[in-house]
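Notes follow once the structure below has been shown.
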Amino acid sequence: MSRNKDISRKTFLKKLSWLIALPYLLFAVLMVRKNHKVSATKEIRIKVPSSEGIWFFGEVIVVSSKGKITAYASRCTHLGCRINTVEDGKLVCPCHGSTFDEAGSVIKGPATKGLEVVPYKLDKETNELIVKV
């Protein structure tokens with residue numbers, strides 16, 4: 001006795017859409033994992049800024065304000081995109097528009113957590129910040 005193995009159009013389209021979506025989902029997972037990779041093995045030496053402002057040094061953002069220097073990880077806390085833009089004194093993520101103030105606090109989402117403060121040591125002989133990232 002043979003059975004008819006026909007499937008409905010709706011079932012076929014559902015299966016086809018999953019087949020098409022699967023590579024995109026895998027790519028998205030790989031990108032998120034890559035951007036959230038954390039390793040504290042590299043040491044960066046940054047010349048202490050001579051004036052107030054915001055400076056970008058790859059993986060680190062340095063904010064000098066009111067005689068105080070703070071270092072932040074340059075990865076947005078939303079999905080890990082590298083923040084590399086200042087608009088009107090605010091740090092802006094280029095991927096989804098999250099905005100942070102000079103204290104690293106969220107002004108506008110989608111990010112919900114402030115920027116990660118990166119500890120540093122000051123080398124007084126060379127006048128450099130030593131940051132491990």
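Following the order of the structure tokens, first chain is A, next is B, and so on, with residues numbered from 1 inside each chain and ligands from 1 in the order they appear.
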
Could you go through chain A and tell me which residues DSSP, when run on the backbone, assigns to helix (DSSP H, G or I), listing them as number ranges by chain?
A: 9-35

Write out as a PyMOL selection string each polymer residue whose atoms come within 7 Å of Gly114 in chain A, counting only C-alpha atoms; drop sequence neighbours fewer than 3 positions from it.
chain A and resi 77+104-106

Return as a VMD selection string the full set of residues in chain A whose backbone-based DSSP assignment is strand (DSSP E or B).
chain A and resid 43 to 47 53 to 57 60 to 65 68 to 73 75 82 85 to 87 90 to 92 99 to 100 106 to 108 117 120 to 123 128 to 132

Could you please take those selected residues and save N, CA and C atoms as a short mmCIF file (atom, residue, chain, number, x, y, z; two decimals), in the first residue's frame?
data_model
loop_
_atom_site.label_atom_id
_atom_site.label_comp_id
_atom_site.auth_asym_id
_atom_site.auth_seq_id
_atom_site.Cartn_x
_atom_site.Cartn_y
_atom_site.Cartn_z
N GLU A 43 48.22 45.03 26.13
CA GLU A 43 48.46 46.27 26.86
C GLU A 43 48.58 47.42 25.86
N ILE A 44 47.82 48.46 26.12
CA ILE A 44 47.86 49.65 25.26
C ILE A 44 48.43 50.80 26.08
N ARG A 45 49.36 51.52 25.49
CA ARG A 45 49.94 52.70 26.14
C ARG A 45 49.42 53.92 25.39
N ILE A 46 48.80 54.82 26.14
CA ILE A 46 48.17 55.99 25.55
C ILE A 46 48.76 57.24 26.18
N LYS A 47 49.22 58.15 25.35
CA LYS A 47 49.74 59.43 25.85
C LYS A 47 48.61 60.17 26.56
N GLY A 53 38.63 66.66 26.59
CA GLY A 53 37.98 66.19 25.37
C GLY A 53 37.80 64.69 25.38
N ILE A 54 37.42 64.15 24.22
CA ILE A 54 37.18 62.71 24.04
C ILE A 54 38.08 62.23 22.92
N TRP A 55 38.83 61.15 23.20
CA TRP A 55 39.76 60.58 22.22
C TRP A 55 39.49 59.10 22.04
N PHE A 56 39.66 58.63 20.82
CA PHE A 56 39.45 57.22 20.48
C PHE A 56 40.79 56.57 20.19
N PHE A 57 41.05 55.45 20.84
CA PHE A 57 42.28 54.69 20.65
C PHE A 57 41.90 53.23 20.40
N VAL A 60 39.74 51.52 23.12
CA VAL A 60 39.59 52.35 24.31
C VAL A 60 39.15 53.76 23.93
N ILE A 61 38.24 54.31 24.72
CA ILE A 61 37.85 55.71 24.60
C ILE A 61 38.37 56.41 25.86
N VAL A 62 39.07 57.51 25.68
CA VAL A 62 39.58 58.27 26.83
C VAL A 62 38.83 59.59 26.90
N VAL A 63 38.27 59.86 28.08
CA VAL A 63 37.55 61.10 28.31
C VAL A 63 38.30 61.89 29.37
N SER A 64 38.69 63.11 29.03
CA SER A 64 39.36 63.99 29.97
C SER A 64 38.42 65.17 30.22
N SER A 65 37.94 65.28 31.46
CA SER A 65 36.99 66.33 31.79
C SER A 65 37.18 66.78 33.23
N LYS A 68 39.88 65.18 35.35
CA LYS A 68 39.76 63.75 35.60
C LYS A 68 39.80 62.99 34.27
N ILE A 69 40.54 61.87 34.27
CA ILE A 69 40.63 61.04 33.06
C ILE A 69 39.92 59.71 33.34
N THR A 70 39.04 59.33 32.42
CA THR A 70 38.34 58.05 32.51
C THR A 70 38.53 57.31 31.19
N ALA A 71 38.74 56.00 31.28
CA ALA A 71 38.88 55.16 30.08
C ALA A 71 37.68 54.22 30.01
N TYR A 72 37.12 54.09 28.83
CA TYR A 72 35.99 53.20 28.59
C TYR A 72 36.32 52.22 27.47
N ALA A 73 35.71 51.03 27.54
CA ALA A 73 35.79 50.11 26.41
C ALA A 73 35.00 50.74 25.27
N ARG A 75 33.41 49.34 22.90
CA ARG A 75 32.32 48.51 22.40
C ARG A 75 31.00 48.93 23.02
N ARG A 82 31.78 49.02 17.60
CA ARG A 82 32.80 49.94 18.09
C ARG A 82 32.31 51.39 17.98
N THR A 85 32.47 57.83 17.33
CA THR A 85 31.92 59.11 16.91
C THR A 85 31.49 59.94 18.12
N VAL A 86 31.74 61.24 18.03
CA VAL A 86 31.26 62.18 19.03
C VAL A 86 30.37 63.19 18.31
N GLU A 87 29.16 63.38 18.84
CA GLU A 87 28.25 64.38 18.30
C GLU A 87 27.75 65.23 19.45
N LYS A 90 28.61 63.97 22.87
CA LYS A 90 28.07 62.67 23.25
C LYS A 90 28.66 61.58 22.37
N LEU A 91 28.91 60.41 22.97
CA LEU A 91 29.43 59.26 22.24
C LEU A 91 28.27 58.56 21.55
N VAL A 92 28.41 58.29 20.25
CA VAL A 92 27.32 57.71 19.48
C VAL A 92 27.79 56.42 18.82
N THR A 99 23.37 56.33 22.45
CA THR A 99 24.13 57.54 22.78
C THR A 99 24.49 57.52 24.25
N PHE A 100 25.75 57.90 24.55
CA PHE A 100 26.27 57.89 25.91
C PHE A 100 26.85 59.26 26.23
N VAL A 106 24.00 55.80 29.61
CA VAL A 106 23.13 55.77 28.43
C VAL A 106 22.23 57.00 28.43
N ILE A 107 22.22 57.70 27.32
CA ILE A 107 21.30 58.83 27.12
C ILE A 107 20.12 58.36 26.27
N LYS A 108 20.46 57.55 25.24
CA LYS A 108 19.44 57.06 24.31
C LYS A 108 19.80 55.64 23.91
N VAL A 117 33.81 50.77 32.23
CA VAL A 117 35.00 51.52 32.62
C VAL A 117 36.20 50.58 32.58
N TYR A 120 43.06 51.68 34.47
CA TYR A 120 44.37 51.97 33.88
C TYR A 120 45.35 52.35 34.99
N LYS A 121 46.62 52.29 34.62
CA LYS A 121 47.70 52.76 35.50
C LYS A 121 48.36 53.93 34.79
N LEU A 122 48.87 54.87 35.57
CA LEU A 122 49.55 56.01 35.01
C LEU A 122 51.06 55.83 35.16
N ASP A 123 51.76 55.83 34.03
CA ASP A 123 53.21 55.79 34.04
C ASP A 123 53.69 57.25 34.06
N GLU A 128 52.04 58.31 30.32
CA GLU A 128 51.15 57.48 29.54
C GLU A 128 50.19 56.72 30.45
N LEU A 129 49.00 56.47 29.88
CA LEU A 129 48.05 55.58 30.54
C LEU A 129 48.35 54.17 30.05
N ILE A 130 48.40 53.22 30.97
CA ILE A 130 48.61 51.82 30.59
C ILE A 130 47.30 51.09 30.82
N VAL A 131 46.71 50.63 29.72
CA VAL A 131 45.41 49.99 29.76
C VAL A 131 45.54 48.57 29.25
N LYS A 132 44.96 47.63 29.98
CA LYS A 132 44.94 46.24 29.52
C LYS A 132 43.56 45.92 28.96
#

Counting only C-alpha atoms, the option among A:Asp88, A:Glu52, A:Glu116, A:Asp6 closest to Val133 in chain A:
A:Glu116
